[in-house]
file input-v5.txt (compact mmCIF, C-alpha atoms and all ligand atoms)
# COMPACT_ATOMS: atom_id res chain seq x y z
CA MET A 1 -120.35 -8.00 -12.17
CA ALA A 2 -116.94 -6.30 -12.02
CA LYS A 3 -114.48 -7.35 -14.67
CA LYS A 4 -110.72 -7.30 -14.43
CA PRO A 5 -108.09 -7.26 -17.18
CA LEU A 6 -106.07 -10.42 -17.65
CA HIS A 7 -102.92 -10.75 -19.72
CA PHE A 8 -101.30 -14.07 -20.47
CA HIS A 9 -99.45 -15.97 -23.17
CA LEU A 10 -101.42 -18.72 -24.88
CA ASN A 11 -99.56 -21.08 -27.19
CA GLY A 12 -97.05 -18.37 -28.04
CA ALA A 13 -99.52 -15.51 -28.52
CA GLU A 14 -100.22 -12.66 -26.12
CA LYS A 15 -103.80 -12.49 -24.91
CA ALA A 16 -105.60 -9.63 -23.17
CA VAL A 17 -109.15 -10.21 -21.97
CA PHE A 18 -111.51 -9.07 -19.25
CA VAL A 19 -112.53 -11.70 -16.71
CA GLU A 20 -115.22 -11.78 -14.07
CA ASP A 21 -114.55 -12.35 -10.40
CA GLY A 22 -114.39 -16.09 -9.84
CA GLN A 23 -114.29 -16.99 -13.54
CA ASN A 24 -112.27 -20.11 -14.14
CA LEU A 25 -109.50 -20.46 -16.68
CA LEU A 26 -111.35 -23.10 -18.71
CA ASP A 27 -114.20 -20.68 -19.30
CA VAL A 28 -111.82 -17.90 -20.32
CA LEU A 29 -110.00 -20.20 -22.73
CA ARG A 30 -113.14 -21.54 -24.35
CA ARG A 31 -115.45 -18.51 -24.31
CA GLY A 32 -113.01 -15.66 -23.82
CA VAL A 33 -110.35 -16.44 -26.39
CA GLY A 34 -112.00 -19.20 -28.41
CA ASP A 35 -109.63 -22.09 -27.72
CA LEU A 36 -112.02 -25.05 -27.66
CA THR A 37 -109.34 -27.72 -27.23
CA PRO A 38 -109.55 -27.89 -23.41
CA LYS A 39 -112.80 -29.74 -22.74
CA TYR A 40 -115.43 -29.29 -20.06
CA GLY A 41 -116.17 -32.66 -18.50
CA CYS A 42 -117.07 -32.77 -14.83
CA GLY A 43 -116.31 -29.18 -13.87
CA GLN A 44 -115.29 -30.53 -10.46
CA GLY A 45 -111.67 -31.54 -10.84
CA THR A 46 -112.24 -35.26 -11.23
CA CYS A 47 -112.01 -36.07 -14.95
CA GLY A 48 -108.88 -34.22 -16.16
CA THR A 49 -110.13 -33.39 -19.63
CA CYS A 50 -109.72 -29.65 -18.96
CA THR A 51 -105.99 -30.06 -18.18
CA VAL A 52 -103.76 -27.29 -19.54
CA LEU A 53 -100.15 -26.41 -18.81
CA ILE A 54 -99.33 -23.27 -16.88
CA ASP A 55 -95.62 -22.52 -17.06
CA GLY A 56 -95.18 -26.16 -18.06
CA ASP A 57 -97.08 -27.76 -15.18
CA PRO A 58 -100.46 -29.45 -15.61
CA HIS A 59 -103.44 -27.70 -14.04
CA LEU A 60 -107.13 -28.46 -14.04
CA SER A 61 -108.41 -25.34 -15.74
CA CYS A 62 -111.96 -25.88 -14.43
CA LEU A 63 -110.64 -25.37 -10.90
CA THR A 64 -108.09 -22.67 -11.71
CA LEU A 65 -109.10 -19.07 -11.24
CA ALA A 66 -108.40 -17.24 -14.47
CA GLU A 67 -106.61 -14.46 -12.60
CA ASN A 68 -103.95 -17.00 -11.59
CA ALA A 69 -102.82 -17.03 -15.23
CA GLU A 70 -101.85 -13.33 -15.11
CA GLY A 71 -98.47 -12.92 -16.81
CA ARG A 72 -98.01 -16.66 -17.18
CA THR A 73 -97.65 -19.04 -20.09
CA VAL A 74 -100.59 -21.31 -20.85
CA THR A 75 -100.29 -24.21 -23.26
CA THR A 76 -103.23 -26.17 -24.64
CA THR A 77 -103.59 -28.91 -27.21
CA ALA A 78 -104.11 -26.19 -29.81
CA GLY A 79 -100.45 -25.29 -29.31
CA LEU A 80 -99.02 -28.76 -29.92
CA ALA A 81 -98.91 -29.10 -33.70
CA THR A 82 -96.55 -27.00 -35.77
CA GLY A 83 -98.47 -26.03 -38.89
CA ASN A 84 -99.51 -29.33 -40.46
CA GLN A 85 -96.89 -31.24 -38.49
CA LEU A 86 -98.45 -33.14 -35.59
CA HIS A 87 -96.66 -33.15 -32.27
CA PRO A 88 -95.02 -36.57 -31.68
CA LEU A 89 -97.54 -37.25 -28.94
CA GLN A 90 -100.45 -36.55 -31.27
CA ALA A 91 -98.93 -38.81 -33.93
CA ALA A 92 -98.35 -41.57 -31.39
CA PHE A 93 -101.95 -41.33 -30.17
CA MET A 94 -103.13 -41.81 -33.74
CA GLU A 95 -100.76 -44.70 -34.42
CA ASN A 96 -101.74 -46.49 -31.21
CA PHE A 97 -105.50 -45.95 -31.62
CA ALA A 98 -105.44 -44.12 -28.29
CA ALA A 99 -108.60 -42.14 -28.95
CA GLN A 100 -112.12 -43.32 -29.50
CA CYS A 101 -114.56 -40.58 -28.59
CA GLY A 102 -111.54 -38.34 -28.06
CA TYR A 103 -113.06 -36.35 -25.24
CA CYS A 104 -110.31 -37.19 -22.79
CA THR A 105 -107.57 -36.75 -25.39
CA PRO A 106 -106.68 -33.06 -24.88
CA GLY A 107 -106.19 -33.56 -21.16
CA MET A 108 -104.23 -36.76 -21.72
CA LEU A 109 -101.97 -35.03 -24.23
CA MET A 110 -101.23 -32.15 -21.90
CA ALA A 111 -100.52 -34.41 -18.93
CA ALA A 112 -98.24 -36.48 -21.17
CA LYS A 113 -96.46 -33.43 -22.58
CA SER A 114 -95.69 -32.16 -19.10
CA LEU A 115 -94.30 -35.59 -18.19
CA LEU A 116 -92.11 -35.95 -21.28
CA ASP A 117 -90.83 -32.39 -21.03
CA LYS A 118 -89.56 -33.18 -17.53
CA ASN A 119 -88.78 -36.86 -17.93
CA PRO A 120 -87.96 -37.81 -21.54
CA SER A 121 -87.53 -41.51 -20.71
CA PRO A 122 -90.39 -42.37 -18.39
CA SER A 123 -91.14 -45.83 -17.10
CA ARG A 124 -94.57 -47.32 -17.64
CA GLN A 125 -95.32 -46.54 -14.01
CA ASP A 126 -94.27 -42.91 -14.53
CA VAL A 127 -96.78 -42.68 -17.37
CA VAL A 128 -99.53 -44.30 -15.33
CA GLU A 129 -98.94 -41.83 -12.51
CA ALA A 130 -98.78 -38.84 -14.87
CA ILE A 131 -102.22 -39.60 -16.32
CA SER A 132 -103.75 -40.86 -13.08
CA GLY A 133 -105.97 -37.79 -12.85
CA ASN A 134 -107.31 -38.23 -16.37
CA ILE A 135 -110.34 -40.43 -16.92
CA CYS A 136 -110.97 -42.25 -20.20
CA ARG A 137 -114.16 -44.24 -20.63
CA CYS A 138 -113.28 -45.61 -24.07
CA THR A 139 -109.81 -46.99 -24.60
CA GLY A 140 -109.08 -48.81 -21.35
CA TYR A 141 -105.85 -46.78 -20.92
CA GLU A 142 -103.46 -49.32 -22.46
CA PRO A 143 -103.39 -47.68 -25.92
CA ILE A 144 -102.88 -44.29 -24.26
CA ILE A 145 -100.01 -45.55 -22.12
CA ASN A 146 -98.44 -47.24 -25.15
CA ALA A 147 -98.79 -44.06 -27.18
CA ILE A 148 -97.01 -41.98 -24.57
CA LEU A 149 -94.21 -44.53 -24.27
CA ASP A 150 -93.87 -44.63 -28.07
CA ALA A 151 -93.68 -40.84 -28.20
CA ALA A 152 -90.92 -40.95 -25.61
CA LYS A 153 -89.04 -43.53 -27.71
CA SER A 154 -89.31 -41.35 -30.81
CA ARG A 155 -87.54 -38.54 -29.00
CA GLY A 156 -84.39 -37.57 -30.79
CA ALA A 157 -86.14 -37.60 -34.11
CA HIS A 158 -88.51 -34.87 -32.94
CA SER A 159 -88.65 -31.88 -30.69
CA TYR A 160 -91.39 -31.81 -28.11
CA GLY A 161 -91.80 -28.08 -28.61
S1 LIG B 201 -113.66 -30.60 -16.36
FE1 LIG B 201 -111.95 -30.12 -15.13
S2 LIG B 201 -111.45 -31.97 -14.12
FE2 LIG B 201 -113.26 -32.43 -15.24
S1 LIG B 202 -111.36 -41.73 -25.88
FE1 LIG B 202 -113.35 -41.43 -25.06
S2 LIG B 202 -113.03 -40.82 -23.01
FE2 LIG B 202 -111.08 -41.34 -23.76

call {"tool": "encode", "arguments": {"input": "input-v5.txt", "output": "structure tokens", "more": "lines below"}}
Ligand code: FES
Ligand code: FES
result
Amino acid sequence: MAKKPLHFHLNGAEKAVFVEDGQNLLDVLRRGVGDLTPKYGCGQGTCGTCTVLIDGDPHLSCLTLAENAEGRTVTTTAGLATGNQLHPLQAAFMENFAAQCGYCTPGMLMAAKSLLDKNPSPSRQDVVEAISGNICRCTGYEPIINAILDAAKSRGAHSYG
């Protein structure tokens, strides 16, 4: 199968890979460049665990053609922490017990980051809407919503990076 070159920025680093026609971004991230933080759940756009940010907006990477990332900036959960310093959202998820199996967590974090980057003081309803495409089978959503609201409150003490 023909392969095409793809160049993009991933969590601050330039990436150059070859992709196949029709290959999705999730596959390129996980197998092509070894970022295992975006998870494969349904592969059909219904669970949200593969969510990554492209130029700051959330996208379902399982449904995104890799070639659409050409020249763009992709952010995954691997890009959230700064060294050993957790991103405020990651810290808030821990403090609020917002992860059990953790499979949904990367997608939740990316949806939440996009929200807080655009709306630093979201209402509860804003949070609910922002994560409405992300399914969690473990926590019942309340700890996740509380974590995102707590992270928003801690703004000022932290940068969302
Ligand atoms: S794996 Fe992409 S939405 Fe489920
Ligand atoms: S913590 Fe298990 S699916 Fe959300």

call {"tool": "closest_residue", "arguments": {"input": "input-v5.txt", "among": "A:Ile131, A:Ala92, A:Leu60, A:Ala69", "to": "Leu6 of chain A", "atoms": "all atoms listed in the file"}}
result
A:Ala69

call {"tool": "residues_near_ligand", "arguments": {"input": "input-v5.txt", "ligand": "ligand LIG 201 (chain B)", "cutoff": "6 Å", "atoms": "only C-alpha atoms and all ligand atoms", "output": "list of chain:residue names"}}
result
A:Tyr40, A:Gly41, A:Cys42, A:Gly43, A:Gln44, A:Gly45, A:Thr46, A:Cys47, A:Gly48, A:Thr49, A:Cys50, A:Leu60, A:Ser61, A:Cys62

call {"tool": "atom_distance", "arguments": {"input": "input-v5.txt", "atom1": "atom CA of Lys15 of chain A", "atom2": "atom CA of Leu115 of chain A"}}
result
25.9 Å

call {"tool": "axis_aligned_box", "arguments": {"input": "input-v5.txt", "around": "ligand LIG 202 (chain B)", "padding_each_side": "3 Å", "output": "AutoDock Vina command-line options"}}
result
--center_x -112.2 --center_y -41.3 --center_z -24.4 --size_x 8.3 --size_y 6.9 --size_z 8.9

call {"tool": "closest_residue", "arguments": {"input": "input-v5.txt", "among": "A:Lys39, A:Leu53, A:Asp126, A:Leu116", "to": "ligand LIG 202 (chain B)", "atoms": "all atoms listed in the file"}}
result
A:Lys39

call {"tool": "atom_distance", "arguments": {"input": "input-v5.txt", "atom1": "atom CA of Lys153 of chain A", "atom2": "atom CA of Thr105 of chain A"}}
result
19.9 Å

call {"tool": "closest_residue", "arguments": {"input": "input-v5.txt", "among": "A:Cys104, A:Leu10, A:Leu149, A:Ala112", "to": "Arg137 of chain A", "atoms": "all atoms listed in the file"}}
result
A:Cys104

call {"tool": "atom_distance", "arguments": {"input": "input-v5.txt", "atom1": "atom CA of Glu67 of chain A", "atom2": "atom CA of Phe8 of chain A"}}
result
9.5 Å

call {"tool": "residues_near_ligand", "arguments": {"input": "input-v5.txt", "ligand": "ligand LIG 202 (chain B)", "cutoff": "9 Å", "atoms": "only C-alpha atoms and all ligand atoms", "output": "mmCIF file with C-alpha atoms, in the frame of the given file"}}
result
data_model
loop_
_atom_site.group_PDB
_atom_site.id
_atom_site.type_symbol
_atom_site.label_atom_id
_atom_site.label_comp_id
_atom_site.auth_asym_id
_atom_site.auth_seq_id
_atom_site.Cartn_x
_atom_site.Cartn_y
_atom_site.Cartn_z
ATOM 1 C CA THR A 49 -110.130 -33.390 -19.630
ATOM 2 C CA ALA A 98 -105.440 -44.120 -28.290
ATOM 3 C CA ALA A 99 -108.600 -42.140 -28.950
ATOM 4 C CA GLN A 100 -112.120 -43.320 -29.500
ATOM 5 C CA CYS A 101 -114.560 -40.580 -28.590
ATOM 6 C CA GLY A 102 -111.540 -38.340 -28.060
ATOM 7 C CA TYR A 103 -113.060 -36.350 -25.240
ATOM 8 C CA CYS A 104 -110.310 -37.190 -22.790
ATOM 9 C CA THR A 105 -107.570 -36.750 -25.390
ATOM 10 C CA MET A 108 -104.230 -36.760 -21.720
ATOM 11 C CA ASN A 134 -107.310 -38.230 -16.370
ATOM 12 C CA ILE A 135 -110.340 -40.430 -16.920
ATOM 13 C CA CYS A 136 -110.970 -42.250 -20.200
ATOM 14 C CA ARG A 137 -114.160 -44.240 -20.630
ATOM 15 C CA CYS A 138 -113.280 -45.610 -24.070
ATOM 16 C CA THR A 139 -109.810 -46.990 -24.600
ATOM 17 C CA GLY A 140 -109.080 -48.810 -21.350
ATOM 18 C CA TYR A 141 -105.850 -46.780 -20.920
ATOM 19 C CA ILE A 144 -102.880 -44.290 -24.260
#

call {"tool": "closest_residue", "arguments": {"input": "input-v5.txt", "among": "A:Gly12, A:Pro58, A:Gly22, A:Gly32", "to": "Gly79 of chain A", "atoms": "all atoms listed in the file"}}
result
A:Gly12

call {"tool": "residues_around", "arguments": {"input": "input-v5.txt", "residues": "His7 of chain A", "least_positions_apart": "4", "cutoff": "6 Å", "atoms": "all atoms listed in the file", "output": "list of chain:residue names"}}
result
A:Lys15, A:Ala16, A:Glu70, A:Gly71

call {"tool": "build_atoms", "arguments": {"input": "input-v5.txt", "residues": "segment 80-99 of chain A", "atoms": "N, CA and C atoms", "output": "PDB file, in the frame of the given file"}}
result
ATOM      1  N   LEU A  80     -99.946 -27.629 -29.760  1.00  0.00           N
ATOM      2  CA  LEU A  80     -99.020 -28.760 -29.920  1.00  0.00           C
ATOM      3  C   LEU A  80     -98.479 -28.896 -31.341  1.00  0.00           C
ATOM      4  N   ALA A  81     -99.358 -28.893 -32.315  1.00  0.00           N
ATOM      5  CA  ALA A  81     -98.910 -29.100 -33.700  1.00  0.00           C
ATOM      6  C   ALA A  81     -98.163 -27.869 -34.185  1.00  0.00           C
ATOM      7  N   THR A  82     -97.254 -28.098 -35.116  1.00  0.00           N
ATOM      8  CA  THR A  82     -96.550 -27.000 -35.770  1.00  0.00           C
ATOM      9  C   THR A  82     -97.008 -26.972 -37.223  1.00  0.00           C
ATOM     10  N   GLY A  83     -97.875 -26.038 -37.554  1.00  0.00           N
ATOM     11  CA  GLY A  83     -98.470 -26.030 -38.890  1.00  0.00           C
ATOM     12  C   GLY A  83     -99.223 -27.341 -39.100  1.00  0.00           C
ATOM     13  N   ASN A  84     -98.871 -28.040 -40.189  1.00  0.00           N
ATOM     14  CA  ASN A  84     -99.510 -29.330 -40.460  1.00  0.00           C
ATOM     15  C   ASN A  84     -98.782 -30.496 -39.814  1.00  0.00           C
ATOM     16  N   GLN A  85     -97.716 -30.189 -39.085  1.00  0.00           N
ATOM     17  CA  GLN A  85     -96.890 -31.240 -38.490  1.00  0.00           C
ATOM     18  C   GLN A  85     -97.416 -31.546 -37.077  1.00  0.00           C
ATOM     19  N   LEU A  86     -97.950 -32.757 -36.912  1.00  0.00           N
ATOM     20  CA  LEU A  86     -98.450 -33.140 -35.590  1.00  0.00           C
ATOM     21  C   LEU A  86     -97.306 -33.223 -34.589  1.00  0.00           C
ATOM     22  N   HIS A  87     -97.602 -32.906 -33.367  1.00  0.00           N
ATOM     23  CA  HIS A  87     -96.660 -33.150 -32.270  1.00  0.00           C
ATOM     24  C   HIS A  87     -96.456 -34.665 -32.164  1.00  0.00           C
ATOM     25  N   PRO A  88     -95.253 -35.118 -31.804  1.00  0.00           N
ATOM     26  CA  PRO A  88     -95.020 -36.570 -31.680  1.00  0.00           C
ATOM     27  C   PRO A  88     -96.039 -37.280 -30.810  1.00  0.00           C
ATOM     28  N   LEU A  89     -96.519 -36.609 -29.783  1.00  0.00           N
ATOM     29  CA  LEU A  89     -97.540 -37.250 -28.940  1.00  0.00           C
ATOM     30  C   LEU A  89     -98.847 -37.427 -29.714  1.00  0.00           C
ATOM     31  N   GLN A  90     -99.215 -36.428 -30.486  1.00  0.00           N
ATOM     32  CA  GLN A  90    -100.450 -36.550 -31.270  1.00  0.00           C
ATOM     33  C   GLN A  90    -100.307 -37.678 -32.296  1.00  0.00           C
ATOM     34  N   ALA A  91     -99.146 -37.745 -32.947  1.00  0.00           N
ATOM     35  CA  ALA A  91     -98.930 -38.810 -33.930  1.00  0.00           C
ATOM     36  C   ALA A  91     -98.977 -40.177 -33.263  1.00  0.00           C
ATOM     37  N   ALA A  92     -98.367 -40.281 -32.091  1.00  0.00           N
ATOM     38  CA  ALA A  92     -98.350 -41.570 -31.390  1.00  0.00           C
ATOM     39  C   ALA A  92     -99.757 -41.965 -30.932  1.00  0.00           C
ATOM     40  N   PHE A  93    -100.560 -41.005 -30.547  1.00  0.00           N
ATOM     41  CA  PHE A  93    -101.950 -41.330 -30.170  1.00  0.00           C
ATOM     42  C   PHE A  93    -102.691 -41.888 -31.372  1.00  0.00           C
ATOM     43  N   MET A  94    -102.467 -41.301 -32.547  1.00  0.00           N
ATOM     44  CA  MET A  94    -103.130 -41.810 -33.740  1.00  0.00           C
ATOM     45  C   MET A  94    -102.644 -43.225 -34.063  1.00  0.00           C
ATOM     46  N   GLU A  95    -101.328 -43.405 -34.024  1.00  0.00           N
ATOM     47  CA  GLU A  95    -100.760 -44.700 -34.420  1.00  0.00           C
ATOM     48  C   GLU A  95    -101.154 -45.816 -33.459  1.00  0.00           C
ATOM     49  N   ASN A  96    -101.392 -45.474 -32.214  1.00  0.00           N
ATOM     50  CA  ASN A  96    -101.740 -46.490 -31.210  1.00  0.00           C
ATOM     51  C   ASN A  96    -103.248 -46.596 -30.963  1.00  0.00           C
ATOM     52  N   PHE A  97    -104.030 -45.918 -31.785  1.00  0.00           N
ATOM     53  CA  PHE A  97    -105.500 -45.950 -31.620  1.00  0.00           C
ATOM     54  C   PHE A  97    -105.869 -45.592 -30.175  1.00  0.00           C
ATOM     55  N   ALA A  98    -105.263 -44.503 -29.696  1.00  0.00           N
ATOM     56  CA  ALA A  98    -105.440 -44.120 -28.290  1.00  0.00           C
ATOM     57  C   ALA A  98    -106.626 -43.197 -28.075  1.00  0.00           C
ATOM     58  N   ALA A  99    -107.398 -42.955 -29.115  1.00  0.00           N
ATOM     59  CA  ALA A  99    -108.600 -42.140 -28.950  1.00  0.00           C
ATOM     60  C   ALA A  99    -109.782 -42.830 -29.592  1.00  0.00           C
TER      61      ALA A  99
END
